[in-house]
Amino acid sequence: MKLLVRGGKVIDPANDFCQAADILIDSGKISAVGQNLKANGAEVIDAKNKLVLPGLIDMHVHLREPGLEAKETIASGTRAAARGGFTSVACMPNTNPVVDNQALVEFINSRAASDGVVNVFPIGAITKGSAGSELAEIGDMKSAGAVAISDDGRPVMNAQVMRLAMEYAKMFNLPVISHCEDIDLAANGVMHEGYFSTVFGLKGISRLAEEVMVARDIMLAELTGTKVHIAHISTAGSVELVRMAKKKGLNVTAEATPHHFTLTAEAVGGYDTGTKVNPPLRGADDIRAVKEGLGDGTIDVIATDHAPHTVEEKDVEYNYAPFGIVGLETAVGLAFKELVNPGLLTVEELVRKMSVNPARILGLPKGHLGVGADADITIVDPGLREVVDVQRFASKGKNSPFGGWELKGLPTVVIVGGRVVMQDRELV
Amino acid sequence: MLNEKTVILDADGIRRALTRIAHEIIEKNKGVNNVALIGIRRRGVPLAERLAKKIAEIEGRYVPIGILDITLYRDDLTTITHQPVIHKTEIAFAVNNKVIVLVDDVLFTGRTIRAALDAIIDLGRPEAIQLAVLADRGHRELPIRADYVGKNVPTSKKEIVSVYLTELDKKDKVVIEVDTA
Amino acid sequence: MGLSRKDLLGIQELSVEEIQLILDTAEPMRDIIRRQIKKVPTLRGKALINLFYEPSTRTRTSFELAGKYMSADTINISTSTSSAVKGETLKDTAKTLEVMGADIVIIRHGAAGAPHILSKHLSASVINAGDGFHEHPTQALLDMYTIRERKGQISGLKVAIVGDILHSRVARSNIWGLTKMGAEVCVIGPSTLLPPGIAELGVTPFTSLEEGLPGADVIIVLRVQLERQQKGLFPTIREYARLFGVTAERVGMAKPDVLIMHPGPMNRGVEIAPEVADSVHSVINEQVTNGVAVRMALLYLLAGGGGPHEAIG
């Protein structure tokens with residue numbers, strides 16, 4: 001099976017290659033990159049006026065399987081990924097049961113192989129049951145294919161446990177992804193603490209609930225020398241902490257989500273539970289800082305924290321609704337709207353944050369379009385406009401605050417391992 | 001656009017009609033010892049005041065006057081678009097065992113008077129309730145009649161009978177108008 | 001002229017004119033409460049449902065009486081009897097009330113925004129009788145009515161709100177209403193009970209009565225919930241009373257004709273000294289009476305609508 005992606009603008013920052021070129025794919029690998037390649041019987045994909053990118057990688061999604069299949073499955077979640085322009089996702093372990101052992105990592109791998117349409121890389125738990133006390137079988141999980149460890153959804157509150165986890169994970173060169181939230185400071189809050197929490201009468205979560213943990217984990221990273229990745233960074237203070245850590249040369253990386261660089265706490269008005277997310281939507285200053293962090297390289301990655309929930313779970317009082325926004329199918333459009341179209345990031349920089357860097361952090365042999373690389377390719381039409389319709393999401397989760405938004409700059413083709421899985425915004 | 005068609009009563013006509021009604025009230029009730037006037041908002045109120053003054057000129061004493069807002073008793077509140085603004089009912093005397101003369105400008109369907117009767121009965125139990133109107137234009141929808149009438153005016157249902165009083169409108173006049181809009 | 005809205009969810013969304021209309025309409029209503037026959041037929045045939053997810057005697061009774069005085073059929077549903085305990089969602093409850101033909105639903109709920117969910121799923125009018133820490137609009141309306149009646153106007157008055165501002169929907173609704181009506185509002189409480197960003201609502205925060213009370217025309221004392229102490233927001237009730245209790249001596253710092261208000265129920269000797277609650281300054285009982293009148297006004301203003309406005313003969 002051969003494919004020829006013809007006439008697009010190839011953006012391959014990892015190989016320092018950004019120019020109009022054709023890409024020939026053979027047997028799931030890239031076999032040639034160059035001008036005027038001959039089809040020789042290959043199926044031709046016209047990429048004229050489009051951007052041809054190394055397949056996008058979302059290193060922070062919740063596929064909900066096993067146990068929470070009403071919210072999402074590996075089948076539906078990977079389809080959502082494909083529709084959103086992603087060729088790979090790394091899935092968080094807070095399923096039921098929590099992915100804290102080799103058997104569960106293997107289950108995800110086998111389910112991904114049978115049901116998935118994009119590559120799935122499991123992330124294992126840091127502690128057993130993500131309960132925050134005893135270390136999970138990190139070495140076993142690594143052998144089974146886990147690419148990182150995280151207790152995402154819950155913080156590891158005990159600093160000593162986190163220290164030991166980092167020291168232990170270092171043996172396997174596994175990055176530790178930290179959900180930075182001090183539970184006591186968060187104090188059962190449901191939105192960002194400030195003017196709007198006061199006006200809406202909802203309990204606030206202070207910036208500090210995140211920042212003290214970012215500071216702690218940076219200090220632990222310094223102590224242990226482990227690769228630490230700060231998940232869903234949301235405050236100006238956290239961005240500054242990461243910036244300082246990088247200046248010091250520490251092995252610390254960070255990600256930001258599209259919703260955190262797009263919406264402020266004001267969006268909670270009207271009590272739309274689609275805006276309820278953890279960490280919460282912050283202030284305008286925080287958005288500015290997150291964008292600055294993305295621009296100056298402090299924030300390495302854009303990840304969605306795709307967190308699907310059922311309509312029944314979300315269609316309740318704001319206080320009672322679960323945290324989470326589905327992000328896979330709006331991420332590229334929002335990144336173009338907020339970052340690329342206004343000129344904050346070049347497409348090349350965006351590709352680093354959505355493909356090159358996640359691959360590097362997770363140690364995946366992906367994120368570039370060199371000859372011999374896996375044929376994971378995302379084709380984006382930077383001029384394509386679409387109004388977000390949550391009912392058209394391939395994800396089971398419709399919990400998005402972006403329904404009705406017009407986005408410009410959307411993926412039109414997704415190729416995974418040489419196979420077209422999405423074309424013209426529809427799954428193949 | 002309202003076009004004036006016929007003048008039914010001019011200022012003098014109104015004055016004469018009220019003088020006659022005042023006499024009739026006194027005569028019918030054999031004096032005014034137990035009589036009180038209650039004007040229905042809005043134009044019944046200045047009419048009640050004028051009647052009280054005339055009665056005082058004849059009998060040498062002022063009868064008590066009250067003001068009634070019947071909005072809360074209307075039977076069409078659930079069908080009209082805009083809720084009318086409610087004003088205070090100001091009746092400073094006990095209605096129990098009094099002869100109450102309700103005063104209004106125009107008697108038409110009778111529904112306002114029905115509402116007024118209910119409103120007064122909620123305030124107590126008068127000995128009797130009588131009705132004085134400046135104009136009776138017919139087309140009753142309820143079995144209600146006036147005890148004292150300034151002028152009977154045969155009208156078609158499409159016509160509008162408008163009462164202008166100096167206290168509210170800077171002129172005294174009762175006219176038939178036609179809506180030409 | 002009426003309220004051109006289906007629901008009353010908060011004071012924040014009301015215009016000055018709307019507030020004035022409600023207060024003006026409450027005046028004739030109060031006369032009705034004072035009559036021997038406390039009933040007008042205005043809402044005959046209308047079904048009014050009190051849906052209370054939090055215990056409340058005062059507000060529920062006030063709404064129930066307001067409905068009954070207006071001849072509406074009133075039904076009370078409280079958590080112990082509603083299907084909330086069976087796990088029915090608010091959305092389903094709303095749909096049930098809808099098909100039962102409710103005309104007005106009054107909701108009290110522990111979660112901010114619950115009335116908004118109800119209003120989204122109901123064609124009936126929804127009145128917020130208190131949602132979480134968000135708003136308690138009818139309390140603010142009755143407070144403003146009481147102030148306006150006693151002081152002639154609200155504009156230019158200095159109003160001090162004292163106590164647990166952080167958890168108080170009464171404070172929030174009063175802040176919106178009083179500032180809209182031109183009053184100068186300050187909030188006084190321990191710093192742990194002053195919400196973030198409160199000054200952005202146009203009020204001045206103080207952490208001592210000595211700073212905030214001088215020159216006050218009105219003092220609104222809020223109930224302090226004893227559970228806040230268990231959460232560590234202040235050390236003891238005793239210390240709270242000593243620092244933030246409104247005593248006769250402290251009332252002396254305000255204007256000589258200051259009004260003392262309290263939404264009830266009071267913790268006498270904690271946030272308010274008994275002699276202050278019973279003093280000539282206190283209008284706490286009037287607030288209760290006015291509450292019924294204001295709620296009658298609101299029921300009247302929200303309950304109509306249909307065809308063209310015609311005069312009746």
# chains A, B, ... in the order shown; residues from 1 in each chain; ligands from 1

$ select_by_dssp --residues "region 78-137 of chain B" --states "strand (DSSP E)" --output "list in words"
Val99, Ile100, Val101, Leu102, Val103, Asp104, Asp105, Val106, Leu107, Ala128, Ile129, Gln130, Leu131, Ala132, Val133, Leu134, Ala135 and Asp136 of chain B

$ closest_atom_pairs --of "chain C" --to "chain A" --cutoff "7 Å" --atoms "only C-alpha atoms" --output "CSV"
residue,atom,partner,partner_atom,distance
C:Thr89,CA,A:Val316,CA,6.8
C:Leu90,CA,A:Val316,CA,6.8
C:Ala111,CA,A:Asn319,CA,6.1
C:Ala112,CA,A:Gly201,CA,5.9
C:Gly113,CA,A:Tyr271,CA,5.8
C:Ala114,CA,A:Glu317,CA,5.5
C:Gly132,CA,A:Gly201,CA,6.4
C:Phe133,CA,A:Gly201,CA,4.2
C:His134,CA,A:Gly201,CA,3.7
C:Pro195,CA,A:Thr198,CA,6.1
C:Pro196,CA,A:Gly194,CA,5.1
C:Gly197,CA,A:Tyr195,CA,4.2
C:Ile198,CA,A:Tyr195,CA,6.7
C:Glu200,CA,A:Tyr195,CA,7.0

$ write_last_selection --atoms "N, CA, C and O atoms" --output "PDB file, in the first residue's frame"
ATOM      1  N   THR C  89     -32.586  14.059  39.210  1.00  0.00           N
ATOM      2  CA  THR C  89     -31.842  15.275  38.917  1.00  0.00           C
ATOM      3  C   THR C  89     -32.786  16.462  38.878  1.00  0.00           C
ATOM      4  O   THR C  89     -33.994  16.318  38.689  1.00  0.00           O
ATOM      5  N   LEU C  90     -32.196  17.631  39.040  1.00  0.00           N
ATOM      6  CA  LEU C  90     -32.971  18.864  39.019  1.00  0.00           C
ATOM      7  C   LEU C  90     -33.672  19.022  37.670  1.00  0.00           C
ATOM      8  O   LEU C  90     -34.787  19.502  37.576  1.00  0.00           O
ATOM      9  N   ALA C 111     -26.869  24.770  45.935  1.00  0.00           N
ATOM     10  CA  ALA C 111     -25.860  24.942  44.885  1.00  0.00           C
ATOM     11  C   ALA C 111     -26.165  26.184  44.071  1.00  0.00           C
ATOM     12  O   ALA C 111     -27.275  26.346  43.553  1.00  0.00           O
ATOM     13  N   ALA C 112     -25.181  27.056  43.946  1.00  0.00           N
ATOM     14  CA  ALA C 112     -25.339  28.251  43.116  1.00  0.00           C
ATOM     15  C   ALA C 112     -25.666  27.825  41.698  1.00  0.00           C
ATOM     16  O   ALA C 112     -25.099  26.864  41.178  1.00  0.00           O
ATOM     17  N   GLY C 113     -26.602  28.532  41.072  1.00  0.00           N
ATOM     18  CA  GLY C 113     -26.934  28.240  39.681  1.00  0.00           C
ATOM     19  C   GLY C 113     -28.056  27.236  39.510  1.00  0.00           C
ATOM     20  O   GLY C 113     -28.513  27.026  38.392  1.00  0.00           O
ATOM     21  N   ALA C 114     -28.510  26.612  40.605  1.00  0.00           N
ATOM     22  CA  ALA C 114     -29.610  25.642  40.479  1.00  0.00           C
ATOM     23  C   ALA C 114     -30.861  26.284  39.869  1.00  0.00           C
ATOM     24  O   ALA C 114     -31.500  25.689  38.998  1.00  0.00           O
ATOM     25  N   GLY C 132     -27.072  28.652  46.932  1.00  0.00           N
ATOM     26  CA  GLY C 132     -25.676  28.608  47.379  1.00  0.00           C
ATOM     27  C   GLY C 132     -25.253  29.937  47.966  1.00  0.00           C
ATOM     28  O   GLY C 132     -25.976  30.534  48.758  1.00  0.00           O
ATOM     29  N   PHE C 133     -24.063  30.377  47.547  1.00  0.00           N
ATOM     30  CA  PHE C 133     -23.582  31.691  48.005  1.00  0.00           C
ATOM     31  C   PHE C 133     -23.881  32.750  46.953  1.00  0.00           C
ATOM     32  O   PHE C 133     -23.327  33.832  46.984  1.00  0.00           O
ATOM     33  N   HIS C 134     -24.727  32.417  45.987  1.00  0.00           N
ATOM     34  CA  HIS C 134     -24.889  33.289  44.833  1.00  0.00           C
ATOM     35  C   HIS C 134     -25.814  34.477  45.119  1.00  0.00           C
ATOM     36  O   HIS C 134     -25.344  35.587  45.333  1.00  0.00           O
ATOM     37  N   PRO C 195     -14.923  37.758  50.740  1.00  0.00           N
ATOM     38  CA  PRO C 195     -14.575  37.049  49.499  1.00  0.00           C
ATOM     39  C   PRO C 195     -13.560  37.810  48.658  1.00  0.00           C
ATOM     40  O   PRO C 195     -13.505  39.046  48.727  1.00  0.00           O
ATOM     41  N   PRO C 196     -12.775  37.092  47.851  1.00  0.00           N
ATOM     42  CA  PRO C 196     -11.814  37.761  46.987  1.00  0.00           C
ATOM     43  C   PRO C 196     -12.539  38.594  45.937  1.00  0.00           C
ATOM     44  O   PRO C 196     -13.627  38.217  45.491  1.00  0.00           O
ATOM     45  N   GLY C 197     -11.964  39.719  45.596  1.00  0.00           N
ATOM     46  CA  GLY C 197     -12.542  40.537  44.533  1.00  0.00           C
ATOM     47  C   GLY C 197     -13.783  41.306  44.950  1.00  0.00           C
ATOM     48  O   GLY C 197     -14.485  41.857  44.107  1.00  0.00           O
ATOM     49  N   ILE C 198     -14.062  41.353  46.258  1.00  0.00           N
ATOM     50  CA  ILE C 198     -15.306  41.979  46.700  1.00  0.00           C
ATOM     51  C   ILE C 198     -15.307  43.481  46.397  1.00  0.00           C
ATOM     52  O   ILE C 198     -16.351  44.050  46.070  1.00  0.00           O
ATOM     53  N   GLU C 200     -14.246  44.906  43.866  1.00  0.00           N
ATOM     54  CA  GLU C 200     -14.603  45.117  42.465  1.00  0.00           C
ATOM     55  C   GLU C 200     -16.118  45.191  42.264  1.00  0.00           C
ATOM     56  O   GLU C 200     -16.583  45.588  41.204  1.00  0.00           O
TER      57      GLU C 200
END

$ interface_residues --of "chain B" --to "chain C" --cutoff "9 Å" --atoms "only C-alpha atoms" --output "PyMOL selection string"
chain B and resi 71-90+106-113+118-119+122-124+140

$ write_last_selection --atoms "N, CA and C atoms" --output "short mmCIF file (atom, residue, chain, number, x, y, z; two decimals), in the first residue's frame"
data_model
loop_
_atom_site.label_atom_id
_atom_site.label_comp_id
_atom_site.auth_asym_id
_atom_site.auth_seq_id
_atom_site.Cartn_x
_atom_site.Cartn_y
_atom_site.Cartn_z
N THR B 71 -57.07 46.88 40.01
CA THR B 71 -56.20 46.06 39.16
C THR B 71 -56.11 44.60 39.61
N LEU B 72 -55.92 44.41 40.93
CA LEU B 72 -55.73 43.04 41.41
C LEU B 72 -56.99 42.20 41.28
N TYR B 73 -58.12 42.84 40.99
CA TYR B 73 -59.38 42.12 40.88
C TYR B 73 -59.84 41.95 39.43
N ARG B 74 -59.04 42.44 38.50
CA ARG B 74 -59.43 42.33 37.10
C ARG B 74 -59.53 40.87 36.68
N ASP B 75 -60.41 40.59 35.72
CA ASP B 75 -60.57 39.20 35.29
C ASP B 75 -59.77 38.89 34.04
N ASP B 76 -58.96 39.87 33.60
CA ASP B 76 -58.23 39.66 32.34
C ASP B 76 -56.72 39.71 32.55
N LEU B 77 -56.28 39.61 33.82
CA LEU B 77 -54.84 39.78 34.09
C LEU B 77 -53.99 38.73 33.40
N THR B 78 -54.55 37.53 33.26
CA THR B 78 -53.72 36.48 32.69
C THR B 78 -53.70 36.54 31.17
N THR B 79 -54.54 37.39 30.56
CA THR B 79 -54.58 37.41 29.10
C THR B 79 -53.94 38.67 28.51
N ILE B 80 -53.67 39.68 29.34
CA ILE B 80 -53.09 40.89 28.78
C ILE B 80 -51.57 40.81 28.80
N THR B 81 -50.96 41.48 27.85
CA THR B 81 -49.51 41.36 27.70
C THR B 81 -48.75 41.98 28.86
N HIS B 82 -49.09 43.23 29.13
CA HIS B 82 -48.32 43.94 30.14
C HIS B 82 -49.13 44.09 31.41
N GLN B 83 -48.50 43.74 32.50
CA GLN B 83 -49.16 43.90 33.77
C GLN B 83 -49.37 45.37 34.04
N PRO B 84 -50.61 45.78 34.33
CA PRO B 84 -50.80 47.19 34.67
C PRO B 84 -50.10 47.51 35.99
N VAL B 85 -49.66 48.74 36.11
CA VAL B 85 -49.04 49.16 37.37
C VAL B 85 -50.12 49.26 38.44
N ILE B 86 -49.82 48.70 39.57
CA ILE B 86 -50.80 48.74 40.66
C ILE B 86 -50.58 49.99 41.48
N HIS B 87 -51.68 50.68 41.79
CA HIS B 87 -51.57 51.83 42.69
C HIS B 87 -52.28 51.48 43.99
N LYS B 88 -52.07 52.33 44.94
CA LYS B 88 -52.64 52.05 46.26
C LYS B 88 -54.15 52.24 46.25
N THR B 89 -54.80 51.41 47.01
CA THR B 89 -56.20 51.65 47.37
C THR B 89 -56.15 52.46 48.66
N GLU B 90 -56.82 53.60 48.64
CA GLU B 90 -56.76 54.44 49.85
C GLU B 90 -58.16 54.66 50.37
N VAL B 106 -67.09 56.04 32.98
CA VAL B 106 -67.93 55.44 31.96
C VAL B 106 -68.34 54.04 32.38
N LEU B 107 -69.60 53.72 32.22
CA LEU B 107 -70.06 52.35 32.44
C LEU B 107 -70.21 51.69 31.07
N PHE B 108 -69.49 50.57 30.90
CA PHE B 108 -69.45 49.90 29.58
C PHE B 108 -69.83 48.43 29.78
N THR B 109 -68.85 47.54 29.80
CA THR B 109 -69.18 46.12 29.92
C THR B 109 -69.67 45.74 31.32
N GLY B 110 -69.27 46.51 32.30
CA GLY B 110 -69.64 46.20 33.68
C GLY B 110 -68.55 45.44 34.42
N ARG B 111 -67.47 45.09 33.71
CA ARG B 111 -66.44 44.26 34.35
C ARG B 111 -65.63 45.02 35.40
N THR B 112 -65.40 46.28 35.15
CA THR B 112 -64.69 47.08 36.16
C THR B 112 -65.50 47.15 37.45
N ILE B 113 -66.82 47.33 37.28
CA ILE B 113 -67.68 47.45 38.46
C ILE B 113 -67.74 46.12 39.20
N ASP B 118 -66.16 43.30 44.18
CA ASP B 118 -65.38 42.28 44.89
C ASP B 118 -64.35 42.93 45.80
N ALA B 119 -63.70 43.96 45.29
CA ALA B 119 -62.66 44.62 46.08
C ALA B 119 -63.25 45.23 47.34
N ASP B 122 -64.20 42.66 49.92
CA ASP B 122 -63.03 42.15 50.64
C ASP B 122 -62.60 43.09 51.75
N LEU B 123 -63.07 44.32 51.69
CA LEU B 123 -62.70 45.27 52.74
C LEU B 123 -63.69 45.26 53.90
N GLY B 124 -64.85 44.68 53.69
CA GLY B 124 -65.84 44.65 54.77
C GLY B 124 -67.23 44.47 54.19
N ARG B 140 -73.47 46.11 28.04
CA ARG B 140 -73.14 45.40 29.27
C ARG B 140 -72.89 43.92 29.01
#

$ residues_around --residues "Glu271 (chain C)" --least-positions-apart "6" --cutoff "6 Å" --atoms "only C-alpha atoms" --output "PyMOL selection string"
chain C and resi 241+245-246

$ atom_distance --atom1 "CA of Thr19 (chain B)" --atom2 "CA of Glu4 (chain B)"
26.1 Å

$ residues_around --residues "Gln287 (chain C)" --least-positions-apart "4" --cutoff "8 Å" --atoms "only C-alpha atoms" --output "number ranges by chain"
C: 142-143, 146, 261, 263, 283, 291

$ decode --residues "region 179-199 of chain A" --atoms "N, CA and C atoms" --output "short mmCIF file (atom, residue, chain, number, x, y, z; two decimals), in the first residue's frame"
data_model
loop_
_atom_site.label_atom_id
_atom_site.label_comp_id
_atom_site.auth_asym_id
_atom_site.auth_seq_id
_atom_site.Cartn_x
_atom_site.Cartn_y
_atom_site.Cartn_z
N HIS A 179 0.15 16.18 38.23
CA HIS A 179 -1.10 16.96 38.33
C HIS A 179 -0.92 17.83 39.58
N CYS A 180 -0.62 19.08 39.37
CA CYS A 180 -0.24 19.94 40.48
C CYS A 180 -1.44 20.60 41.13
N GLU A 181 -1.82 20.06 42.27
CA GLU A 181 -2.96 20.62 42.98
C GLU A 181 -2.83 20.28 44.45
N ASP A 182 -2.74 21.29 45.28
CA ASP A 182 -2.77 21.05 46.72
C ASP A 182 -4.24 20.96 47.12
N ILE A 183 -4.63 19.74 47.51
CA ILE A 183 -6.05 19.47 47.79
C ILE A 183 -6.59 20.37 48.90
N ASP A 184 -5.77 20.62 49.89
CA ASP A 184 -6.25 21.45 51.01
C ASP A 184 -6.45 22.89 50.58
N LEU A 185 -5.51 23.40 49.79
CA LEU A 185 -5.68 24.77 49.31
C LEU A 185 -6.81 24.88 48.29
N ALA A 186 -7.02 23.81 47.55
CA ALA A 186 -8.12 23.84 46.57
C ALA A 186 -9.46 23.88 47.30
N ALA A 187 -9.51 23.32 48.51
CA ALA A 187 -10.63 23.48 49.44
C ALA A 187 -12.00 23.25 48.80
N ASN A 188 -12.12 22.17 48.04
CA ASN A 188 -13.40 21.83 47.42
C ASN A 188 -13.93 22.91 46.49
N GLY A 189 -13.05 23.72 46.00
CA GLY A 189 -13.49 24.76 45.06
C GLY A 189 -13.93 24.16 43.74
N VAL A 190 -14.70 24.92 42.98
CA VAL A 190 -15.20 24.42 41.70
C VAL A 190 -14.83 25.33 40.53
N MET A 191 -14.28 26.51 40.85
CA MET A 191 -13.83 27.41 39.78
C MET A 191 -12.70 28.28 40.31
N HIS A 192 -12.15 29.08 39.42
CA HIS A 192 -11.04 29.96 39.80
C HIS A 192 -11.49 30.94 40.88
N GLU A 193 -10.63 31.10 41.89
CA GLU A 193 -10.97 32.02 42.98
C GLU A 193 -10.68 33.45 42.55
N GLY A 194 -11.68 34.31 42.70
CA GLY A 194 -11.50 35.71 42.32
C GLY A 194 -12.84 36.40 42.19
N TYR A 195 -12.84 37.49 41.46
CA TYR A 195 -14.07 38.28 41.29
C TYR A 195 -15.24 37.42 40.84
N PHE A 196 -15.00 36.55 39.84
CA PHE A 196 -16.13 35.82 39.29
C PHE A 196 -16.65 34.74 40.23
N SER A 197 -15.76 34.11 41.01
CA SER A 197 -16.27 33.13 41.97
C SER A 197 -17.12 33.84 43.02
N THR A 198 -16.73 35.07 43.36
CA THR A 198 -17.53 35.85 44.31
C THR A 198 -18.88 36.19 43.71
N VAL A 199 -18.88 36.63 42.46
CA VAL A 199 -20.14 37.03 41.83
C VAL A 199 -21.06 35.83 41.60
#
